[in-house]
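Undergrad: Below is the file my_file32.txt, with compact mmCIF, C-alpha atoms and all ligand atoms.
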```txt
# COMPACT_ATOMS: atom_id res chain seq x y z
CA MET W 271 82.36 122.47 107.20
CA ALA W 272 85.26 124.55 108.51
CA ALA W 273 87.55 126.20 105.95
CA PRO W 274 89.20 123.39 104.00
CA VAL W 275 92.77 122.57 104.91
CA LEU W 276 93.00 120.17 101.96
CA GLU W 277 91.04 120.15 98.72
CA THR W 278 91.35 118.07 95.61
CA GLU W 279 90.00 118.61 92.15
CA ASN W 280 89.60 115.74 89.70
CA LEU W 281 92.56 113.87 91.16
CA VAL W 282 93.75 111.10 88.85
CA LYS W 283 96.62 108.70 89.45
CA ILE W 284 97.69 106.32 86.72
CA TYR W 285 100.51 103.87 87.37
CA GLY W 286 102.43 102.38 84.46
CA ARG W 287 101.47 102.65 80.80
CA GLY W 288 100.33 100.52 77.89
CA ASP W 289 99.59 96.96 78.96
CA THR W 290 100.64 97.63 82.53
CA ARG W 291 98.60 100.82 82.91
CA PHE W 292 96.57 100.89 86.09
CA ASP W 293 94.16 103.69 86.95
CA ALA W 294 94.46 103.80 90.73
CA LEU W 295 92.45 107.02 91.25
CA LYS W 296 89.79 108.07 88.76
CA GLY W 297 88.90 111.68 89.52
CA ILE W 298 88.68 112.37 93.23
CA ASN W 299 87.01 115.58 94.42
CA LEU W 300 87.02 116.19 98.14
CA GLU W 301 87.43 118.82 100.80
CA ILE W 302 88.81 118.20 104.25
CA GLY W 303 87.95 120.89 106.77
CA LYS W 304 90.27 122.15 109.50
CA GLY W 305 89.86 120.07 112.63
CA GLU W 306 87.96 117.25 110.92
CA SER W 307 88.78 113.61 111.46
CA VAL W 308 88.34 111.72 108.23
CA ALA W 309 88.54 107.98 107.69
CA VAL W 310 89.46 106.69 104.24
CA VAL W 311 87.88 103.26 103.94
CA GLY W 312 87.82 100.67 101.20
CA LYS W 313 89.01 97.21 100.35
CA SER W 314 92.62 96.37 99.61
CA GLY W 315 93.76 97.94 96.34
CA SER W 316 90.93 100.51 96.21
CA GLY W 317 93.44 103.38 96.24
CA LYS W 318 93.47 104.49 99.89
CA SER W 319 97.24 104.75 100.29
CA THR W 320 97.57 106.29 96.85
CA LEU W 321 95.07 109.00 97.82
CA MET W 322 96.81 109.54 101.15
CA HIS W 323 100.21 109.89 99.45
CA LEU W 324 98.82 112.51 97.06
CA LEU W 325 97.06 114.45 99.84
CA ALA W 326 100.27 114.38 101.87
CA LEU W 327 102.26 115.66 98.89
CA LEU W 328 104.46 112.56 98.96
CA ASP W 329 103.61 111.78 95.35
CA ALA W 330 102.31 113.83 92.42
CA PRO W 331 98.99 113.14 90.68
CA THR W 332 98.86 112.26 86.98
CA HIS W 333 96.12 114.88 86.60
CA GLY W 334 94.26 117.16 88.96
CA VAL W 335 95.03 119.42 91.85
CA VAL W 336 95.78 119.14 95.54
CA ALA W 337 95.41 122.47 97.36
CA LEU W 338 96.71 123.07 100.87
CA GLU W 339 95.06 125.95 102.75
CA GLY W 340 93.55 127.09 99.46
CA ARG W 341 96.88 127.08 97.63
CA PRO W 342 97.38 124.68 94.71
CA THR W 343 100.59 122.70 95.18
CA GLY W 344 101.23 121.45 91.61
CA ASP W 345 103.80 124.10 90.78
CA LEU W 346 105.91 123.73 93.90
CA GLY W 347 109.45 122.42 93.57
CA ALA W 348 110.92 119.53 95.56
CA LYS W 349 112.51 121.78 98.17
CA GLU W 350 109.31 123.75 98.78
CA LEU W 351 107.31 120.53 98.99
CA ASN W 352 109.75 119.10 101.53
CA GLU W 353 109.51 122.20 103.68
CA LEU W 354 105.75 122.30 103.43
CA ARG W 355 105.40 118.63 104.38
CA ASN W 356 107.86 118.95 107.19
CA SER W 357 106.11 121.97 108.69
CA ALA W 358 102.44 121.20 108.03
CA PHE W 359 102.15 117.42 108.23
CA GLY W 360 102.79 114.62 110.66
CA PHE W 361 102.97 111.01 109.50
CA VAL W 362 101.93 107.82 111.24
CA PHE W 363 102.81 105.34 108.50
CA GLN W 364 104.00 101.84 109.13
CA GLN W 365 106.52 102.12 106.32
CA PHE W 366 108.12 105.10 108.00
CA PHE W 367 110.05 102.88 110.34
CA LEU W 368 111.97 104.25 113.21
CA THR W 369 115.70 104.30 112.58
CA PRO W 370 116.80 101.29 114.64
CA ASN W 371 120.23 102.42 115.78
CA GLN W 372 119.15 105.84 116.86
CA SER W 373 117.67 106.66 120.22
CA VAL W 374 113.97 107.26 120.70
CA LEU W 375 114.70 110.98 121.20
CA GLU W 376 116.74 111.20 117.99
CA ASN W 377 113.95 109.50 116.07
CA VAL W 378 111.31 111.84 117.46
CA THR W 379 113.30 115.00 116.75
CA LEU W 380 114.28 114.11 113.17
CA PRO W 381 111.72 116.52 111.61
CA LEU W 382 113.18 119.32 113.75
CA LYS W 383 116.69 118.42 112.60
CA ILE W 384 115.51 118.61 108.99
CA ALA W 385 113.98 122.01 109.76
CA GLY W 386 117.33 123.22 111.17
CA VAL W 387 116.21 123.61 114.80
CA PRO W 388 119.21 123.80 117.20
CA ALA W 389 120.08 120.74 119.30
CA SER W 390 119.07 122.12 122.71
CA GLU W 391 115.62 123.12 121.47
CA ARG W 392 115.25 119.78 119.69
CA LYS W 393 115.88 117.99 122.95
CA ARG W 394 113.44 120.15 124.90
CA ARG W 395 110.64 119.75 122.37
CA GLY W 396 111.42 116.06 121.85
CA LEU W 397 111.12 115.31 125.55
CA GLU W 398 107.93 117.36 125.72
CA ALA W 399 106.38 115.30 122.90
CA LEU W 400 107.53 112.03 124.49
CA GLU W 401 106.06 113.22 127.80
CA GLN W 402 102.63 113.57 126.14
CA LEU W 403 102.87 109.97 124.97
CA GLU W 404 104.15 108.78 128.37
CA MET W 405 107.37 107.69 126.70
CA ALA W 406 109.86 110.21 128.17
CA ASP W 407 111.51 107.51 130.29
CA LYS W 408 112.45 105.68 127.07
CA ALA W 409 114.08 108.73 125.43
CA ASP W 410 117.57 107.22 125.50
CA ASN W 411 116.54 103.68 124.52
CA LYS W 412 117.35 102.36 121.08
CA ALA W 413 114.18 102.43 118.96
CA THR W 414 114.48 98.67 118.46
CA ASP W 415 114.17 97.99 122.19
CA LEU W 416 110.49 98.89 122.31
CA SER W 417 107.22 97.00 122.07
CA GLY W 418 104.98 97.49 119.03
CA GLY W 419 102.65 99.83 120.88
CA GLN W 420 105.57 101.84 122.26
CA LYS W 421 107.06 102.17 118.76
CA GLN W 422 103.72 103.42 117.50
CA ARG W 423 103.61 106.00 120.30
CA VAL W 424 107.11 107.16 119.32
CA VAL W 425 105.94 107.47 115.71
CA ILE W 426 103.03 109.62 116.96
CA ALA W 427 105.41 111.73 119.07
CA ARG W 428 107.47 112.30 115.92
CA ALA W 429 104.31 113.13 113.96
CA LEU W 430 103.32 115.89 116.37
CA ILE W 431 106.77 117.35 117.08
CA ASN W 432 106.39 120.06 114.43
CA ASP W 433 102.94 121.10 115.62
CA PRO W 434 101.40 119.95 112.32
CA SER W 435 98.02 121.06 111.03
CA VAL W 436 97.31 117.59 109.62
CA ILE W 437 98.29 114.12 110.80
CA PHE W 438 98.11 111.37 108.17
CA ALA W 439 97.82 107.87 109.57
CA ASP W 440 97.85 104.78 107.34
CA GLU W 441 96.56 101.79 109.32
CA PRO W 442 97.82 103.29 112.60
CA THR W 443 96.60 100.33 114.62
CA GLY W 444 97.09 97.63 112.00
CA ASN W 445 99.71 95.63 113.90
CA LEU W 446 98.50 96.26 117.44
CA ASP W 447 96.41 94.25 119.87
CA SER W 448 93.02 95.73 120.71
CA ALA W 449 94.05 97.25 124.06
CA THR W 450 97.10 99.00 122.55
CA SER W 451 95.04 100.06 119.53
CA LYS W 452 92.64 101.79 121.89
CA VAL W 453 95.52 103.69 123.53
CA VAL W 454 96.92 104.79 120.15
CA GLU W 455 93.44 105.78 118.88
CA ASP W 456 92.71 107.75 122.04
CA ILE W 457 95.97 109.66 121.60
CA LEU W 458 95.18 110.52 117.97
CA PHE W 459 91.61 111.62 118.72
CA GLY W 460 92.84 113.54 121.78
CA LEU W 461 95.19 115.54 119.51
CA ASN W 462 92.29 116.14 117.15
CA ARG W 463 89.99 117.32 119.94
CA ASP W 464 92.43 119.29 122.09
CA LYS W 465 94.76 120.77 119.50
CA GLY W 466 92.44 120.90 116.50
CA ILE W 467 94.85 118.80 114.45
CA THR W 468 93.08 117.47 111.36
CA LEU W 469 93.25 113.67 111.15
CA VAL W 470 93.23 111.71 107.91
CA VAL W 471 93.18 108.00 108.74
CA VAL W 472 93.32 105.06 106.35
CA THR W 473 91.91 102.03 108.07
CA HIS W 474 90.34 98.62 107.59
CA ASP W 475 89.00 98.85 111.13
CA GLU W 476 85.33 99.82 110.94
CA ASP W 477 85.25 100.83 114.62
CA LEU W 478 88.13 103.23 114.11
CA ALA W 479 86.47 104.56 110.94
CA GLN W 480 83.25 105.21 112.86
CA ARG W 481 85.12 107.19 115.53
CA CYS W 482 86.05 109.70 112.81
CA SER W 483 83.75 112.63 112.09
CA ARG W 484 83.45 111.54 108.44
CA GLN W 485 84.10 108.48 106.31
CA ILE W 486 85.25 108.54 102.71
CA TYR W 487 84.54 105.25 100.95
CA LEU W 488 86.74 104.28 98.01
CA VAL W 489 85.81 101.63 95.47
CA ASP W 490 88.20 101.04 92.55
CA GLY W 491 89.73 104.49 92.76
CA GLN W 492 86.47 106.40 93.09
CA ILE W 493 84.60 107.89 96.03
CA VAL W 494 81.23 106.25 96.58
CA PRO W 495 78.48 107.46 98.89
CA SER W 496 78.26 104.24 100.87
CA PRO W 497 80.51 101.25 101.40
CA GLU W 498 78.96 98.97 98.83
CA LYS W 499 81.03 96.20 97.42
CA PRO W 500 80.56 94.70 93.97
CA ALA W 501 78.56 91.47 94.35
CA SER W 502 81.38 89.59 92.60
CA ASP W 503 83.62 90.19 95.63
CA VAL W 504 81.39 88.30 98.00
CA ALA W 505 81.21 84.53 98.20
CA PRO W 506 77.78 82.85 97.93
CA GLY W 507 76.08 82.45 101.28
CA SER W 508 77.57 85.61 102.70
CA PRO W 509 75.80 88.94 103.01
CA ALA W 510 76.12 90.84 99.72
CA HIS W 511 77.18 94.07 101.35
CA PRO W 512 78.30 93.30 104.87
CA TRP W 513 79.00 96.89 105.90
CA ALA W 514 75.94 98.33 104.22
CA GLN W 515 73.39 95.82 105.47
CA GLN W 516 74.43 95.29 109.05
CA PRO W 517 74.95 97.70 111.91
CA ALA W 518 78.61 98.72 112.03
CA GLU W 519 79.27 96.80 115.23
CA ALA W 520 77.97 93.49 113.94
CA ALA W 521 79.61 93.98 110.56
CA ALA W 522 82.98 94.48 112.18
CA GLU W 523 82.85 91.05 113.78
CA THR W 524 82.31 88.16 111.38
CA LEU W 525 81.68 87.20 107.81
CA GLN W 526 80.33 83.97 106.32
CA VAL W 527 82.21 82.65 103.32
CA THR W 528 81.94 79.52 101.23
CA GLU W 529 85.07 77.40 101.19
CA PRO W 530 85.66 76.96 97.41
CA ALA W 531 87.11 73.45 97.68
CA THR W 532 84.41 71.87 99.85
CA GLY W 533 81.39 74.17 99.45
CA GLU W 534 81.25 74.38 103.23
CA VAL W 535 80.08 77.72 104.70
CA VAL W 536 82.45 78.95 107.39
CA THR W 537 82.37 81.99 109.64
CA ILE W 538 85.55 84.05 109.85
CA SER W 539 86.40 87.39 111.35
CA GLN W 540 86.47 90.49 109.15
CA ALA W 541 90.11 90.87 110.08
CA ASP W 542 90.85 87.37 108.80
CA ALA W 543 88.82 88.06 105.67
CA ALA W 544 90.86 91.19 105.01
CA GLU W 545 94.05 89.23 105.64
CA ILE W 546 92.97 86.47 103.21
CA ALA W 547 92.00 89.06 100.58
CA ARG W 548 95.38 90.66 101.04
CA ALA W 549 97.21 87.33 100.78
CA ALA W 550 95.28 86.56 97.60
CA GLN W 551 96.76 89.70 96.08
CA GLU W 552 100.30 88.76 97.07
CA PRO W 553 102.57 87.95 94.16
CA PRO W 554 103.35 84.28 93.50
CA ARG W 555 107.02 85.07 94.03
CA PRO W 556 108.91 88.15 95.19
CA GLY W 557 109.80 90.75 92.58
CA LYS W 558 106.90 90.15 90.21
CA HIS W 559 104.60 92.57 91.97
CA ALA W 560 104.40 96.21 90.93
CA ALA W 561 106.63 98.36 93.06
CA PRO W 562 104.84 100.27 95.79
CA ALA W 563 104.38 104.00 95.47
CA PRO W 564 107.73 105.66 96.04
CA THR W 565 107.91 107.14 99.52
CA PRO W 566 110.86 108.56 101.37
CA GLU W 567 112.53 106.60 104.14
CA GLN W 568 111.57 109.29 106.59
CA PRO W 569 108.73 111.80 106.40
CA GLY W 570 109.84 115.07 104.92
CA ALA W 571 113.36 113.81 104.29
CA THR W 572 113.26 113.57 100.52
CA ALA W 573 110.93 114.36 97.65
N1 LIG W 601 103.84 102.12 92.23
C1 LIG W 601 102.83 101.43 91.74
N2 LIG W 601 102.87 100.92 90.50
C2 LIG W 601 101.83 100.24 89.97
N3 LIG W 601 100.66 100.03 90.64
C3 LIG W 601 100.55 100.51 91.87
C4 LIG W 601 101.61 101.24 92.51
N4 LIG W 601 101.21 101.59 93.75
C5 LIG W 601 99.96 101.10 93.89
N5 LIG W 601 99.57 100.46 92.77
C6 LIG W 601 98.27 99.83 92.52
O1 LIG W 601 97.25 100.79 92.74
C7 LIG W 601 96.14 100.22 93.42
C8 LIG W 601 95.86 101.01 94.68
O2 LIG W 601 96.94 100.80 95.60
P1 LIG W 601 96.89 101.37 97.07
O3 LIG W 601 98.20 101.07 97.69
O4 LIG W 601 96.46 102.78 97.02
O5 LIG W 601 95.72 100.48 97.70
P2 LIG W 601 95.14 100.48 99.18
O6 LIG W 601 93.69 100.82 99.08
O7 LIG W 601 95.97 101.33 100.06
O8 LIG W 601 95.27 98.94 99.55
P3 LIG W 601 95.67 98.24 100.98
O9 LIG W 601 94.42 98.26 101.81
O10 LIG W 601 96.04 96.86 100.54
O11 LIG W 601 96.82 98.99 101.59
C9 LIG W 601 96.51 98.76 93.66
O12 LIG W 601 95.92 97.97 92.68
C10 LIG W 601 98.02 98.73 93.52
O13 LIG W 601 98.47 97.49 93.05
MG MG W 602 97.30 100.90 101.66
```
When written as structure tokens, how does the structure in this file appear?

TA:
Amino acid sequence: MAAPVLETENLVKIYGRGDTRFDALKGINLEIGKGESVAVVGKSGSGKSTLMHLLALLDAPTHGVVALEGRPTGDLGAKELNELRNSAFGFVFQQFFLTPNQSVLENVTLPLKIAGVPASERKRRGLEALEQLEMADKADNKATDLSGGQKQRVVIARALINDPSVIFADEPTGNLDSATSKVVEDILFGLNRDKGITLVVVTHDEDLAQRCSRQIYLVDGQIVPSPEKPASDVAPGSPAHPWAQQPAEAAAETLQVTEPATGEVVTISQADAAEIARAAQEPPRPGKHAAPAPTPEQPGATA
């Protein structure tokens, strides 16, 4: 493996305490080499976003170390962390929405503004980034006046504006149709190939995961060697370990589940299964659910 850009040692993340304590990561050791593309895969709640937030220095671990370019980051203050994130990382996160009332160009150049780059240079570099994503003609549009795929391309333009060494993408194609997903994926892997930008991608999409040079499988906050699922997760009549037992292509397509009410075996897509699993975890009413990990409104903007 190339020299690691990111390393972790015994990374532990515990949310809450006492009765509400939840151990989201239980001792993660990993190395991510420069120029790698790494998929973080696992079912909903397995700790993927938590791990991504810690690797991206958006949140601090309860125990353990994240090192960037060989340098442990635990002792850095908020200002240093902000600067480091802003200069080294690009973010393609769905929760980092574009600011609706600002233009596409203003959205893309925000990290440069944070870094104190003068306006004329911001504009030049912003247009250059938009050019790469074939979005330069939309530079003056309001961010709201774009299609989903166009918004995602603007988010990618913003992620690469600072010439980052790592791009973190959390479900980068989650809300896109398959044709637009392909465009967005091709852009991300093109940046990886042509510019050597390291990619860390959280995804439920097995095809996208397989395009990465390596897959990290998370089960209940731990890295496992293969994507096994506990048998209790799988309804009778369905394959016990759909990813493990079938070729990736077939596994990505469908899943057989037993309808609990009728006992009828039905075939549904993996995407629907993931959606149902997600819905099952939804709170019965708003406000009861644990708050999501704190993240800034904009990448690099706040600690
Ligand atoms: N701020 C928080 N407080 C309490 N629990 C949390 C918090 N953030 C996450 N969790 C819990 O930690 C576990 C891991 O959450 P995480 O968001 O990392 O899952 P994930 O693998 O990204 O899931 P998904 O695929 O649904 O996005 C979940 O059980 C979640 O409920
Ligand atoms: Mg997540």

Undergrad: Which residue, W:Gly460, W:Gly444, W:Gly360, W:Pro388, has the smallest gap to ligand LIG 601 (chain W) when you use only C-alpha atoms and all ligand atoms?

TA: W:Gly444

Undergrad: Given only C-alpha atoms as the basis, pick out the residue of W:Ser319, W:Gln480, W:Thr278, W:Ser451 nearest to Pro342 (chain W).

TA: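 Of W:Ser319, W:Gln480, W:Thr278, W:Ser451, the one nearest Pro342 (chain W), counting only C-alpha atoms, is W:Thr278.
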
Undergrad: Quick one, how far is CA of Leu354 (chain W) from CA of Leu327 (chain W)?

TA: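 A separation of 8.8 Å between them.
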
Undergrad: Which is closest to ligand MG 602 (chain W) among W:Asp456, W:Asp440, W:Glu353, W:Asp475, if we use all atoms listed in the file?

TA: W:Asp440

Undergrad: Set the cut-off to 12 Å, count all atoms listed in the file, and list whatever residues fall near ligand MG 602 (chain W) as a JSON list (two decimals) with C-alpha atoms, in the coordinates of the input.

TA:
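Done, and the output landed in result_19.json:
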```json
[["chain", "number", "residue", "atom", "x", "y", "z"],
["W", 294, "ALA", "CA", 94.46, 103.80, 90.73],
["W", 310, "VAL", "CA", 89.46, 106.69, 104.24],
["W", 311, "VAL", "CA", 87.88, 103.26, 103.94],
["W", 312, "GLY", "CA", 87.82, 100.67, 101.20],
["W", 313, "LYS", "CA", 89.01, 97.21, 100.35],
["W", 314, "SER", "CA", 92.62, 96.37, 99.61],
["W", 315, "GLY", "CA", 93.76, 97.94, 96.34],
["W", 316, "SER", "CA", 90.93, 100.51, 96.21],
["W", 317, "GLY", "CA", 93.44, 103.38, 96.24],
["W", 318, "LYS", "CA", 93.47, 104.49, 99.89],
["W", 319, "SER", "CA", 97.24, 104.75, 100.29],
["W", 320, "THR", "CA", 97.57, 106.29, 96.85],
["W", 321, "LEU", "CA", 95.07, 109.00, 97.82],
["W", 322, "MET", "CA", 96.81, 109.54, 101.15],
["W", 323, "HIS", "CA", 100.21, 109.89, 99.45],
["W", 363, "PHE", "CA", 102.81, 105.34, 108.50],
["W", 364, "GLN", "CA", 104.00, 101.84, 109.13],
["W", 365, "GLN", "CA", 106.52, 102.12, 106.32],
["W", 439, "ALA", "CA", 97.82, 107.87, 109.57],
["W", 440, "ASP", "CA", 97.85, 104.78, 107.34],
["W", 441, "GLU", "CA", 96.56, 101.79, 109.32],
["W", 442, "PRO", "CA", 97.82, 103.29, 112.60],
["W", 444, "GLY", "CA", 97.09, 97.63, 112.00],
["W", 471, "VAL", "CA", 93.18, 108.00, 108.74],
["W", 472, "VAL", "CA", 93.32, 105.06, 106.35],
["W", 473, "THR", "CA", 91.91, 102.03, 108.07],
["W", 474, "HIS", "CA", 90.34, 98.62, 107.59],
["W", 488, "LEU", "CA", 86.74, 104.28, 98.01],
["W", 548, "ARG", "CA", 95.38, 90.66, 101.04],
["W", 562, "PRO", "CA", 104.84, 100.27, 95.79],
["W", 563, "ALA", "CA", 104.38, 104.00, 95.47]]
```

Undergrad: Just want the 8 Å neighbourhood of Ala272 (chain W), counted on all atoms listed in the file, with same-chain residues fewer than 6 positions away dropped. Output as a count of residues only.

TA: 3

Undergrad: So how many Å separate CA of Leu446 (chain W) and atom P1 of ligand LIG 601 (chain W), to one decimal?

TA: 21.1 Å

Undergrad: Pick out the residues sitting within 6 Å of region 373-375 of chain W, and hand them over as an NGL selection string; count all atoms listed in the file, and ignore anything fewer than 5 positions along from it in its own chain.

TA: :W and (409-413)

Undergrad: Using only C-alpha atoms and all ligand atoms, find the one residue out of W:Gly340, W:Gly288, W:Gly396, W:Gly491 that sits nearest to ligand LIG 601 (chain W).

TA: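 Looking at the shortest contact to ligand LIG 601 (chain W), the residue is W:Gly491.
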
Undergrad: What does the structure give for the distance between CA of Ser496 (chain W) and atom C4 of ligand LIG 601 (chain W), in Å to one decimal?

TA: 25.0 Å

Undergrad: Which residues come within 7 Å of Ala399 (chain W), counting all atoms listed in the file, excluding same-chain residues fewer than 4 positions away, as a VMD selection string?

TA: chain W and resid 395 403 427 431

Undergrad: Enumerate, as a compact mmCIF listing (two decimals) with C-alpha atoms, keeping the file's coordinate frame, the protein, DNA and RNA residues whose atoms approach (104.3, 98.0, 120.3) to within 9 Å, taking into account all atoms listed in the file and the coordinate frame of the file.

TA:
```
# COMPACT_ATOMS: atom_id res chain seq x y z
CA LEU W 416 110.49 98.89 122.31
CA SER W 417 107.22 97.00 122.07
CA GLY W 418 104.98 97.49 119.03
CA GLY W 419 102.65 99.83 120.88
CA GLN W 420 105.57 101.84 122.26
CA LYS W 421 107.06 102.17 118.76
CA GLN W 422 103.72 103.42 117.50
CA ARG W 423 103.61 106.00 120.30
CA ASN W 445 99.71 95.63 113.90
CA LEU W 446 98.50 96.26 117.44
CA ASP W 447 96.41 94.25 119.87
CA THR W 450 97.10 99.00 122.55
```

Undergrad: Using all atoms listed in the file, which of W:Pro434, W:Lys383, W:Leu368, W:Leu346 sits nearest Lys465 (chain W)?

TA: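 When distances to Lys465 (chain W) are compared using all atoms listed in the file, the smallest one comes from W:Pro434.
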
Undergrad: Would you pick out the contacts of Glu279 (chain W) at 8 Å or less, using all atoms listed in the file, so that residues sharing its chain but fewer than 2 positions from it are not included, and give the list as JSON, numbers by chain?

TA: {"W": [277, 281, 297, 298, 299, 300, 334, 335, 336]}

Undergrad: Write a file of the just-selected residues containing C-alpha atoms, as a PDB file, keeping the file's coordinate frame.

TA:
```pdb
ATOM      1  CA  GLU W 277      91.040 120.150  98.720  1.00  0.00           C
ATOM      2  CA  LEU W 281      92.560 113.870  91.160  1.00  0.00           C
ATOM      3  CA  GLY W 297      88.900 111.680  89.520  1.00  0.00           C
ATOM      4  CA  ILE W 298      88.680 112.370  93.230  1.00  0.00           C
ATOM      5  CA  ASN W 299      87.010 115.580  94.420  1.00  0.00           C
ATOM      6  CA  LEU W 300      87.020 116.190  98.140  1.00  0.00           C
ATOM      7  CA  GLY W 334      94.260 117.160  88.960  1.00  0.00           C
ATOM      8  CA  VAL W 335      95.030 119.420  91.850  1.00  0.00           C
ATOM      9  CA  VAL W 336      95.780 119.140  95.540  1.00  0.00           C
TER      10      VAL W 336
END
```

Undergrad: Could you check which residues have any atom within 7 Å of (94.2, 104.5, 88.8), counting only C-alpha atoms with coordinates taken straight from the file, and then list them as number ranges by chain?

TA: W: 282-285, 292-296, 491
